[in-house]
Each structure stands twice: as C-alpha cells, then as structure tokens.
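Colleague: Contents of final.cif (mmCIF, C-alpha atoms) are given next:
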```cif
data_entry
#
loop_
_atom_site.label_atom_id
_atom_site.label_comp_id
_atom_site.auth_asym_id
_atom_site.auth_seq_id
_atom_site.Cartn_x
_atom_site.Cartn_y
_atom_site.Cartn_z
CA LYS A 20 -25.40 -43.02 -23.93
CA GLN A 21 -28.60 -41.12 -24.54
CA GLU A 22 -28.12 -37.77 -26.26
CA VAL A 23 -30.96 -35.23 -26.22
CA THR A 24 -30.88 -32.26 -28.58
CA GLN A 25 -33.18 -29.26 -28.70
CA ILE A 26 -33.28 -27.02 -31.74
CA PRO A 27 -33.41 -24.07 -31.95
CA ALA A 28 -31.53 -22.89 -28.87
CA ALA A 29 -33.48 -19.62 -28.92
CA LEU A 30 -36.67 -18.38 -30.55
CA SER A 31 -38.33 -14.96 -30.72
CA VAL A 32 -41.88 -14.58 -32.01
CA PRO A 33 -44.59 -11.89 -31.98
CA GLU A 34 -47.53 -12.38 -29.67
CA GLY A 35 -50.22 -14.60 -31.14
CA GLU A 36 -47.93 -16.72 -33.25
CA ASN A 37 -47.84 -20.48 -32.69
CA LEU A 38 -44.65 -21.92 -31.22
CA VAL A 39 -43.02 -25.17 -32.34
CA LEU A 40 -40.22 -26.55 -30.18
CA ASN A 41 -38.27 -29.62 -31.18
CA CYS A 42 -36.57 -32.34 -29.17
CA SER A 43 -34.62 -35.28 -30.56
CA PHE A 44 -33.06 -38.24 -28.78
CA THR A 45 -30.70 -40.97 -29.91
CA ASP A 46 -31.97 -44.03 -28.02
CA SER A 47 -35.61 -44.94 -28.63
CA ALA A 48 -35.72 -47.26 -25.59
CA ILE A 49 -37.47 -44.75 -23.37
CA TYR A 50 -40.26 -45.06 -20.84
CA ASN A 51 -41.57 -41.55 -21.27
CA LEU A 52 -40.63 -38.03 -22.29
CA GLN A 53 -41.37 -34.92 -20.30
CA TRP A 54 -41.48 -31.25 -21.21
CA PHE A 55 -40.56 -28.67 -18.57
CA ARG A 56 -40.69 -24.91 -18.31
CA GLN A 57 -37.98 -22.94 -16.52
CA ASP A 58 -38.27 -19.25 -15.71
CA PRO A 59 -35.07 -17.24 -15.08
CA GLY A 60 -33.60 -18.05 -11.68
CA LYS A 61 -36.29 -20.61 -10.94
CA GLY A 62 -36.70 -24.34 -10.82
CA LEU A 63 -38.37 -26.53 -13.42
CA THR A 64 -42.11 -26.97 -13.75
CA SER A 65 -43.52 -29.99 -15.52
CA LEU A 66 -45.77 -29.13 -18.47
CA LEU A 67 -46.58 -32.39 -20.17
CA LEU A 68 -45.49 -36.00 -19.91
CA ILE A 69 -45.92 -38.49 -22.74
CA GLN A 70 -45.63 -42.17 -22.04
CA SER A 71 -43.81 -44.28 -24.60
CA SER A 72 -47.09 -45.90 -25.66
CA GLN A 73 -48.70 -42.54 -26.41
CA ARG A 74 -48.48 -40.37 -29.51
CA GLU A 75 -49.46 -37.06 -27.95
CA GLN A 76 -50.61 -35.22 -24.86
CA THR A 77 -52.57 -32.00 -24.59
CA SER A 78 -53.05 -29.44 -21.86
CA GLY A 79 -54.81 -26.21 -22.72
CA ARG A 80 -52.79 -24.40 -25.39
CA LEU A 81 -50.00 -26.97 -25.16
CA ASN A 82 -49.72 -30.10 -27.25
CA ALA A 83 -46.78 -32.48 -27.26
CA SER A 84 -46.24 -35.27 -29.76
CA LEU A 85 -43.91 -38.24 -29.57
CA ASP A 86 -42.48 -40.35 -32.39
CA LYS A 87 -40.38 -42.86 -30.52
CA SER A 88 -39.20 -44.73 -33.61
CA SER A 89 -37.65 -41.61 -35.11
CA GLY A 90 -36.49 -40.24 -31.75
CA ARG A 91 -38.46 -37.01 -31.90
CA SER A 92 -40.87 -35.00 -29.82
CA THR A 93 -42.46 -31.66 -30.60
CA LEU A 94 -44.06 -29.19 -28.23
CA TYR A 95 -46.68 -26.91 -29.79
CA ILE A 96 -47.85 -23.78 -27.99
CA ALA A 97 -50.85 -22.18 -29.63
CA ALA A 98 -51.47 -18.43 -29.74
CA SER A 99 -48.35 -17.47 -27.81
CA GLN A 100 -48.47 -14.81 -25.10
CA PRO A 101 -45.70 -12.75 -23.45
CA GLY A 102 -46.20 -14.90 -20.35
CA ASP A 103 -44.99 -17.91 -22.36
CA SER A 104 -41.49 -16.40 -22.44
CA ALA A 105 -39.24 -18.93 -20.69
CA THR A 106 -36.83 -21.76 -21.36
CA TYR A 107 -38.41 -25.06 -22.33
CA LEU A 108 -36.58 -28.31 -21.67
CA CYS A 109 -37.34 -31.84 -22.68
CA ALA A 110 -36.18 -34.88 -20.73
CA VAL A 111 -36.28 -38.54 -21.69
CA ASN A 112 -36.78 -41.19 -19.06
CA PRO A 113 -35.16 -44.55 -19.75
CA TYR A 114 -35.93 -47.63 -17.71
CA ASP A 115 -33.31 -46.94 -15.03
CA TYR A 116 -34.62 -43.63 -13.63
CA LYS A 117 -31.66 -41.65 -15.01
CA LEU A 118 -33.30 -38.81 -16.89
CA SER A 119 -31.44 -37.19 -19.78
CA PHE A 120 -32.16 -33.52 -20.48
CA GLY A 121 -31.77 -31.36 -23.54
CA ALA A 122 -30.10 -27.95 -23.19
CA GLY A 123 -33.41 -26.18 -23.73
CA THR A 124 -34.99 -23.66 -26.09
CA THR A 125 -35.27 -20.10 -24.79
CA VAL A 126 -38.48 -18.50 -26.04
CA THR A 127 -39.22 -14.77 -26.17
CA VAL A 128 -42.75 -13.68 -27.08
CA ARG A 129 -42.82 -10.01 -28.11
CA ALA A 130 -45.88 -7.97 -27.21
CA ASN B 26 -47.74 -27.33 0.51
CA ALA B 27 -43.97 -26.79 0.42
CA GLY B 28 -43.09 -29.43 -2.20
CA VAL B 29 -39.31 -29.63 -2.65
CA THR B 30 -37.28 -27.19 -0.55
CA GLN B 31 -33.62 -26.45 -1.18
CA THR B 32 -31.28 -24.49 1.05
CA PRO B 33 -29.32 -22.32 0.73
CA LYS B 34 -30.42 -20.41 -2.36
CA PHE B 35 -26.96 -18.92 -2.88
CA GLN B 36 -23.50 -19.92 -1.66
CA VAL B 37 -19.96 -18.78 -2.30
CA LEU B 38 -17.12 -21.10 -1.36
CA LYS B 39 -13.36 -21.00 -1.57
CA THR B 40 -11.51 -23.81 -3.31
CA GLY B 41 -11.04 -26.72 -0.95
CA GLN B 42 -13.92 -25.90 1.37
CA SER B 43 -16.66 -28.42 1.99
CA MET B 44 -20.37 -27.85 2.35
CA THR B 45 -23.73 -29.57 2.26
CA LEU B 46 -26.64 -28.59 0.06
CA GLN B 47 -29.92 -29.45 1.71
CA CYS B 48 -33.00 -30.88 0.00
CA ALA B 49 -36.26 -31.80 1.68
CA GLN B 50 -39.61 -32.89 0.32
CA ASP B 51 -42.93 -33.28 2.12
CA MET B 52 -44.74 -35.42 -0.45
CA ASN B 53 -43.54 -38.82 0.83
CA HIS B 54 -41.76 -39.44 -2.45
CA GLU B 55 -39.47 -42.45 -2.63
CA TYR B 56 -37.35 -41.15 -5.51
CA MET B 57 -35.04 -38.15 -5.08
CA SER B 58 -32.24 -36.88 -7.25
CA TRP B 59 -29.65 -34.14 -7.66
CA TYR B 60 -28.81 -32.39 -10.91
CA ARG B 61 -26.43 -29.65 -11.89
CA GLN B 62 -27.20 -27.13 -14.62
CA ASP B 63 -24.44 -25.34 -16.49
CA PRO B 64 -24.83 -22.69 -19.22
CA GLY B 65 -25.61 -24.17 -22.62
CA MET B 66 -26.00 -27.66 -21.21
CA GLY B 67 -28.93 -29.66 -20.05
CA LEU B 68 -29.34 -30.79 -16.50
CA ARG B 69 -26.93 -33.58 -15.62
CA LEU B 70 -27.70 -36.20 -13.00
CA ILE B 71 -25.27 -36.31 -10.08
CA HIS B 72 -26.77 -38.87 -7.68
CA TYR B 73 -30.18 -40.36 -7.06
CA SER B 74 -31.99 -42.41 -4.44
CA VAL B 75 -34.91 -44.81 -4.69
CA GLY B 76 -35.56 -44.89 -0.96
CA ALA B 77 -34.06 -44.44 2.47
CA GLY B 78 -30.67 -46.11 2.66
CA ILE B 79 -30.40 -46.59 -1.12
CA THR B 80 -28.37 -44.28 -3.35
CA ASP B 81 -26.67 -44.60 -6.71
CA GLN B 82 -24.47 -42.56 -9.02
CA GLY B 83 -25.65 -40.57 -11.96
CA GLU B 84 -23.72 -39.14 -14.88
CA VAL B 85 -21.39 -36.78 -13.00
CA PRO B 86 -20.89 -38.09 -9.43
CA ASN B 87 -17.20 -37.25 -8.86
CA GLY B 88 -16.61 -34.80 -6.03
CA TYR B 89 -20.05 -35.30 -4.51
CA ASN B 90 -21.45 -37.56 -1.82
CA VAL B 91 -25.03 -38.27 -0.84
CA SER B 92 -26.88 -40.18 1.83
CA ARG B 93 -30.54 -40.89 2.43
CA SER B 94 -31.33 -41.57 6.06
CA THR B 95 -34.97 -40.52 5.84
CA THR B 96 -37.59 -40.41 3.09
CA GLU B 97 -37.82 -36.63 3.38
CA ASP B 98 -34.18 -35.53 3.16
CA PHE B 99 -31.49 -36.02 0.53
CA PRO B 100 -28.43 -33.82 1.22
CA LEU B 101 -25.62 -33.36 -1.29
CA ARG B 102 -22.11 -32.96 0.08
CA LEU B 103 -19.24 -31.28 -1.71
CA LEU B 104 -16.12 -32.82 -0.22
CA SER B 105 -13.48 -30.33 -1.43
CA ALA B 106 -14.98 -27.63 -3.61
CA ALA B 107 -13.37 -26.87 -6.97
CA PRO B 108 -14.09 -24.03 -9.43
CA SER B 109 -15.47 -26.65 -11.85
CA GLN B 110 -18.30 -27.21 -9.37
CA THR B 111 -19.59 -23.69 -9.88
CA SER B 112 -23.12 -24.35 -11.09
CA VAL B 113 -26.80 -24.28 -10.26
CA TYR B 114 -27.90 -27.37 -8.36
CA PHE B 115 -31.42 -28.74 -8.46
CA CYS B 116 -33.05 -31.37 -6.33
CA ALA B 117 -36.08 -33.30 -7.62
CA SER B 118 -38.47 -35.90 -6.28
CA SER B 119 -41.26 -38.16 -7.44
CA THR B 120 -43.07 -41.28 -6.42
CA LEU B 121 -41.17 -44.37 -7.43
CA LYS B 122 -43.79 -46.93 -8.29
CA THR B 123 -45.17 -44.81 -11.08
CA LEU B 124 -41.92 -43.12 -12.18
CA GLY B 125 -41.46 -45.43 -15.08
CA GLN B 126 -45.11 -45.25 -15.96
CA GLY B 127 -45.25 -41.54 -16.42
CA ASN B 128 -45.07 -39.81 -13.09
CA ILE B 129 -43.88 -36.25 -13.06
CA GLN B 130 -40.87 -34.99 -11.16
CA TYR B 131 -41.08 -32.00 -8.83
CA PHE B 132 -38.11 -29.67 -8.69
CA GLY B 133 -36.80 -27.35 -6.03
CA ALA B 134 -35.93 -23.71 -6.80
CA GLY B 135 -32.21 -24.45 -6.98
CA THR B 136 -28.97 -23.51 -5.21
CA ARG B 137 -26.57 -21.18 -7.02
CA LEU B 138 -23.03 -22.12 -6.02
CA SER B 139 -19.87 -20.21 -6.85
CA VAL B 140 -16.45 -21.66 -6.04
CA LEU B 141 -13.61 -19.15 -6.10
#
```
Represent the structure from my file as structure tokens, please.
Modeller:
Amino acid sequence: KQEVTQIPAALSVPEGENLVLNCSFTDSAIYNLQWFRQDPGKGLTSLLLIQSSQREQTSGRLNASLDKSSGRSTLYIAASQPGDSATYLCAVNPYDYKLSFGAGTTVTVRA
Amino acid sequence: NAGVTQTPKFQVLKTGQSMTLQCAQDMNHEYMSWYRQDPGMGLRLIHYSVGAGITDQGEVPNGYNVSRSTTEDFPLRLLSAAPSQTSVYFCASSTLKTLGQGNIQYFGAGTRLSVL
C-alpha cells in the first residue's frame, strides 16, 4: 500500500523567504506526482504535475522536483508572499488511477 | 465554465439517515472520483468511475454507494449515516486517456457533512 508523507506538517516564514516543502512516498512505481494547493474551506487546485519520466517541472515561482528512485519530491516556492499562505498537498498516481495523498503542509507567510 | 460542481455545500444528518451528495462536471471527463478529507489525514479515495456504467471501489468504500448513468454526473450515496462519516467530501474529474500520462484532476469545492 502506497504511503505518502509530507514533512513538516506546518511552516511559518517571513515574506520573501524561499519555501521548501517535502513529500515522500514508499512505492516508486508511480505514473506521476502532483502538487495541489488548498485554501481554507475550498477545494484543491493543481499547481504542478511531474510525470515519472521527468525530474522537475516549473511554473512561475514554483519548481517541483522528483526523485522516483528515492521516493521523494520537493516543491520550491521562491520569494514567498502572504498570498502563498495555504495548505499544500502532494499526490502520487500509480497505474490504477487510485491517487494517494499526503496529509499536507500548512504554510503561513508573515508580512 | 463551471468545472466540477458539488451540492450541497453543507449538510447535517442524524445517525441512520440517508442522503445523496451530488457531483456534476461539464468538461466531458471520463474519470470521476470521490474523496473524503479528515483532519490530519490526506484525502482518501472512496469510489471512482472510468466512464458511464463503470465504477470501482477505492480505499474506504464501506457505507457508500455510487452509480454513473451519465458522463456528467457521479452521485455519492450514504446508505445509513454514521458519526464516523463526518468529513469533508470532494469530487474530482479528469480525462481518462491522459490520466496516466500526466493529466491534472479538477476538484469541486467540497461538501461539509456532519452526522450527529
């Protein structure tokens, strides 16, 4: 059974600092890994998706890396802003469509 | 562009009552799924569907039923509500043919359910 862990569970940083969010998974047989953002009381919004054949994906200030062999992914958010405050979840997609989610990292960016 | 629409947004039930959570998408997506989210835990898959007439169980299917009569709709039925089913429920959809190749999933805003 795939286990997905996100550490730390919560993170508080001053505005402008770079954010590093970690995701680890136990089964490396994945098709892709996806990072989501969730605002309080809202649904999930996809941020980045990395296919298993890729090492990283970038979108604006966001960069996600994937090391499938070691079961790790990292989401980097450059020059954080108060608007980046949210919960960030990673999800791994195996070959049978049954996504496995981590519990998330709740980020607070202090102005 | 509505995307994935869930109704109701909030619901309070008494133990033993039944109800249906509605989910509709207007993107012609083949794949639809239901998750529940509990504090401190990641989203857990309840049921999913790869097309009209085809459904399968996820990680936590007990106490829930689904059906998929159309591409657009994927309702989730609670047969006899229990306090353990108090949770936030999310519906998601994506195209199927590219799901394994990196397609993103679109989520609804969620239904907050309390069972007393």
Colleague: Using only C-alpha atoms, find the one residue out of B:Gln42, B:Thr111, B:Gln36, B:Gln130 that sits nearest to chain A.
Modeller: B:Gln130
Colleague: Excluding Ser112 (chain B) and residues on its chain fewer than 5 positions from it, collect all residues at most 10 Å away from it, counting all atoms listed in the file, and give them as a list of chain:residue names.
Modeller: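 Near neighbours after the sequence-gap exclusion: B:Tyr60, B:Arg61, B:Gln62, B:Asp63, B:Pro64, B:Gly135, B:Thr136, B:Arg137, B:Leu138, B:Ser139, B:Val140.
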Colleague: Output the contact residues of chain B with respect to chain A at a cut-off of 10 Å, based on all atoms listed in the file, as an MDAnalysis selection string.
Modeller: chainID B and resid 56 58 60 62:75 82:84 113:117 121 124:137
Colleague: Hey, can you pull every residue with an atom no more than 10 Å from (-11.4, -24.3, -12.1), using only C-alpha atoms, and send it as a list in words?
Modeller: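 Nearby residues: Thr40, Ala106, Ala107, Pro108, Ser109, Gln110, Thr111, Val140 and Leu141 of chain B.
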Colleague: Using all atoms listed in the file, which residues sit within 8 Å of Cys48 (chain B) once same-chain residues fewer than 5 positions away are excluded, as a list of chain:residue names?
Modeller: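 What passes the distance filter is B:Val29, B:Thr30, B:Gln31, B:Thr32, B:Asp98, B:Phe99, B:Pro100, B:Leu101, B:Cys116, B:Gly133.
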Colleague: Just want the 9 Å neighbourhood of Ala27 (chain B), counted on all atoms listed in the file, with same-chain residues fewer than 3 positions away dropped. Output as a list in words.
Modeller: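 Counting all atoms listed in the file, the residues come to Thr30, Gln50, Asp51 and Met52 of chain B.
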Colleague: So the first atom is CA of Phe44 (chain A) and the second is CA of Gln73 (chain A); what is the distance between them in Å, to one decimal place?
Modeller: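 Going from CA of Phe44 (chain A) over to CA of Gln73 (chain A), I get 16.4 Å.
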Colleague: Tell me, in Å to one decimal, how far CA of Glu36 (chain A) is from CA of Ala98 (chain A).
Modeller: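 For CA of Glu36 (chain A) relative to CA of Ala98 (chain A), the distance reads 5.3 Å.
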Colleague: Evaluated on this file, the PyMOL selection byres ((chain A and resi 80) around 8) picks out some residues - which ones are they, written as a CSV table (one decimal) with C-alpha atoms, keeping the file's coordinate frame?
Modeller:
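Result file follows (out03.csv):
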```csv
chain,number,residue,atom,x,y,z
A,77,THR,CA,-52.6,-32.0,-24.6
A,78,SER,CA,-53.0,-29.4,-21.9
A,79,GLY,CA,-54.8,-26.2,-22.7
A,81,LEU,CA,-50.0,-27.0,-25.2
A,82,ASN,CA,-49.7,-30.1,-27.2
A,95,TYR,CA,-46.7,-26.9,-29.8
A,96,ILE,CA,-47.8,-23.8,-28.0
A,97,ALA,CA,-50.8,-22.2,-29.6
A,98,ALA,CA,-51.5,-18.4,-29.7
```
Colleague: Determine the residue membership of the PyMOL selection byres ((chain A and resi 104-107) around 6) for the file above and supply it as a PyMOL selection string.
Modeller: chain A and resi 55-58+101-103+108+123-128
Colleague: Identify which of the residues A:Pro59, A:Gly35, A:Ile26, A:Asp46 lies closest to Gly90 (chain A), counting all atoms listed in the file when measuring atom-to-atom distances.
Modeller: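 Smallest distance to Gly90 (chain A) is found for A:Asp46.
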Colleague: Which is closer to Leu46 (chain B) than all the others in B:Leu104, B:Val85, B:Thr96, B:Thr80, using all atoms listed in the file?
Modeller: B:Leu104
Colleague: Find the spatial neighbours of Thr93 (chain A), counting all atoms listed in the file, within a cut-off of 9 Å - ignore same-chain residues fewer than 5 positions away - and output them as an NGL selection string.
Modeller: :A and (39-43 or 82-86)
Colleague: How many Å lie between CA of Glu55 (chain B) and CA of Ser43 (chain B), rounded to one decimal?
Modeller: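 Going from CA of Glu55 (chain B) over to CA of Ser43 (chain B) covers 27.2 Å.
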Colleague: Could you model N, CA and C atoms for region 60-91 of chain B and present them as a short mmCIF file (atom, residue, chain, number, x, y, z; two decimals), keeping the file's coordinate frame?
Modeller:
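Written output follows (result-v6.cif):
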```
data_model
loop_
_atom_site.label_atom_id
_atom_site.label_comp_id
_atom_site.auth_asym_id
_atom_site.auth_seq_id
_atom_site.Cartn_x
_atom_site.Cartn_y
_atom_site.Cartn_z
N TYR B 60 -29.32 -32.76 -9.60
CA TYR B 60 -28.81 -32.39 -10.91
C TYR B 60 -27.97 -31.11 -10.77
N ARG B 61 -27.07 -30.93 -11.74
CA ARG B 61 -26.43 -29.65 -11.89
C ARG B 61 -26.75 -29.11 -13.28
N GLN B 62 -26.88 -27.79 -13.36
CA GLN B 62 -27.20 -27.13 -14.62
C GLN B 62 -26.13 -26.09 -14.92
N ASP B 63 -25.48 -26.26 -16.05
CA ASP B 63 -24.44 -25.34 -16.49
C ASP B 63 -24.88 -24.66 -17.78
N PRO B 64 -24.39 -23.44 -18.04
CA PRO B 64 -24.83 -22.69 -19.22
C PRO B 64 -24.65 -23.49 -20.51
N GLY B 65 -25.69 -23.50 -21.33
CA GLY B 65 -25.61 -24.17 -22.62
C GLY B 65 -25.73 -25.68 -22.56
N MET B 66 -25.90 -26.21 -21.35
CA MET B 66 -26.00 -27.66 -21.21
C MET B 66 -27.31 -28.00 -20.53
N GLY B 67 -27.76 -29.19 -20.77
CA GLY B 67 -28.93 -29.66 -20.05
C GLY B 67 -28.58 -30.02 -18.62
N LEU B 68 -29.59 -30.33 -17.86
CA LEU B 68 -29.34 -30.79 -16.50
C LEU B 68 -28.63 -32.15 -16.55
N ARG B 69 -27.65 -32.32 -15.68
CA ARG B 69 -26.93 -33.58 -15.62
C ARG B 69 -27.11 -34.20 -14.24
N LEU B 70 -27.40 -35.48 -14.23
CA LEU B 70 -27.70 -36.20 -13.00
C LEU B 70 -26.43 -36.47 -12.21
N ILE B 71 -26.43 -36.11 -10.93
CA ILE B 71 -25.27 -36.31 -10.08
C ILE B 71 -25.43 -37.62 -9.28
N HIS B 72 -26.45 -37.69 -8.47
CA HIS B 72 -26.77 -38.87 -7.68
C HIS B 72 -28.29 -38.98 -7.57
N TYR B 73 -28.76 -40.19 -7.29
CA TYR B 73 -30.18 -40.36 -7.06
C TYR B 73 -30.41 -41.42 -5.99
N SER B 74 -31.63 -41.46 -5.50
CA SER B 74 -31.99 -42.41 -4.44
C SER B 74 -33.41 -42.92 -4.69
N VAL B 75 -33.58 -44.22 -4.50
CA VAL B 75 -34.91 -44.81 -4.69
C VAL B 75 -35.58 -45.12 -3.36
N GLY B 76 -34.96 -44.70 -2.26
CA GLY B 76 -35.56 -44.89 -0.96
C GLY B 76 -34.53 -44.71 0.13
N ALA B 77 -34.98 -44.63 1.35
CA ALA B 77 -34.06 -44.44 2.47
C ALA B 77 -33.02 -45.56 2.49
N GLY B 78 -31.77 -45.16 2.61
CA GLY B 78 -30.67 -46.11 2.66
C GLY B 78 -30.16 -46.59 1.32
N ILE B 79 -30.78 -46.12 0.22
CA ILE B 79 -30.40 -46.59 -1.12
C ILE B 79 -30.05 -45.39 -1.99
N THR B 80 -28.79 -45.35 -2.45
CA THR B 80 -28.37 -44.28 -3.35
C THR B 80 -27.55 -44.88 -4.48
N ASP B 81 -27.46 -44.13 -5.56
CA ASP B 81 -26.67 -44.60 -6.71
C ASP B 81 -26.14 -43.39 -7.47
N GLN B 82 -25.12 -43.64 -8.28
CA GLN B 82 -24.47 -42.56 -9.02
C GLN B 82 -25.21 -42.26 -10.31
N GLY B 83 -25.13 -40.98 -10.68
CA GLY B 83 -25.65 -40.57 -11.96
C GLY B 83 -24.52 -40.38 -12.96
N GLU B 84 -24.68 -39.38 -13.80
CA GLU B 84 -23.72 -39.14 -14.88
C GLU B 84 -22.43 -38.47 -14.41
N VAL B 85 -22.54 -37.57 -13.42
CA VAL B 85 -21.39 -36.78 -13.00
C VAL B 85 -21.23 -36.81 -11.47
N PRO B 86 -20.91 -37.98 -10.89
CA PRO B 86 -20.89 -38.09 -9.43
C PRO B 86 -19.61 -37.65 -8.73
N ASN B 87 -18.50 -37.50 -9.50
CA ASN B 87 -17.20 -37.25 -8.86
C ASN B 87 -17.18 -35.93 -8.11
N GLY B 88 -16.71 -35.99 -6.87
CA GLY B 88 -16.61 -34.80 -6.03
C GLY B 88 -17.82 -34.56 -5.17
N TYR B 89 -18.80 -35.45 -5.27
CA TYR B 89 -20.05 -35.30 -4.51
C TYR B 89 -20.38 -36.59 -3.76
N ASN B 90 -20.94 -36.42 -2.58
CA ASN B 90 -21.45 -37.56 -1.82
C ASN B 90 -22.90 -37.31 -1.44
N VAL B 91 -23.65 -38.38 -1.30
CA VAL B 91 -25.03 -38.27 -0.84
C VAL B 91 -25.30 -39.37 0.18
#
```
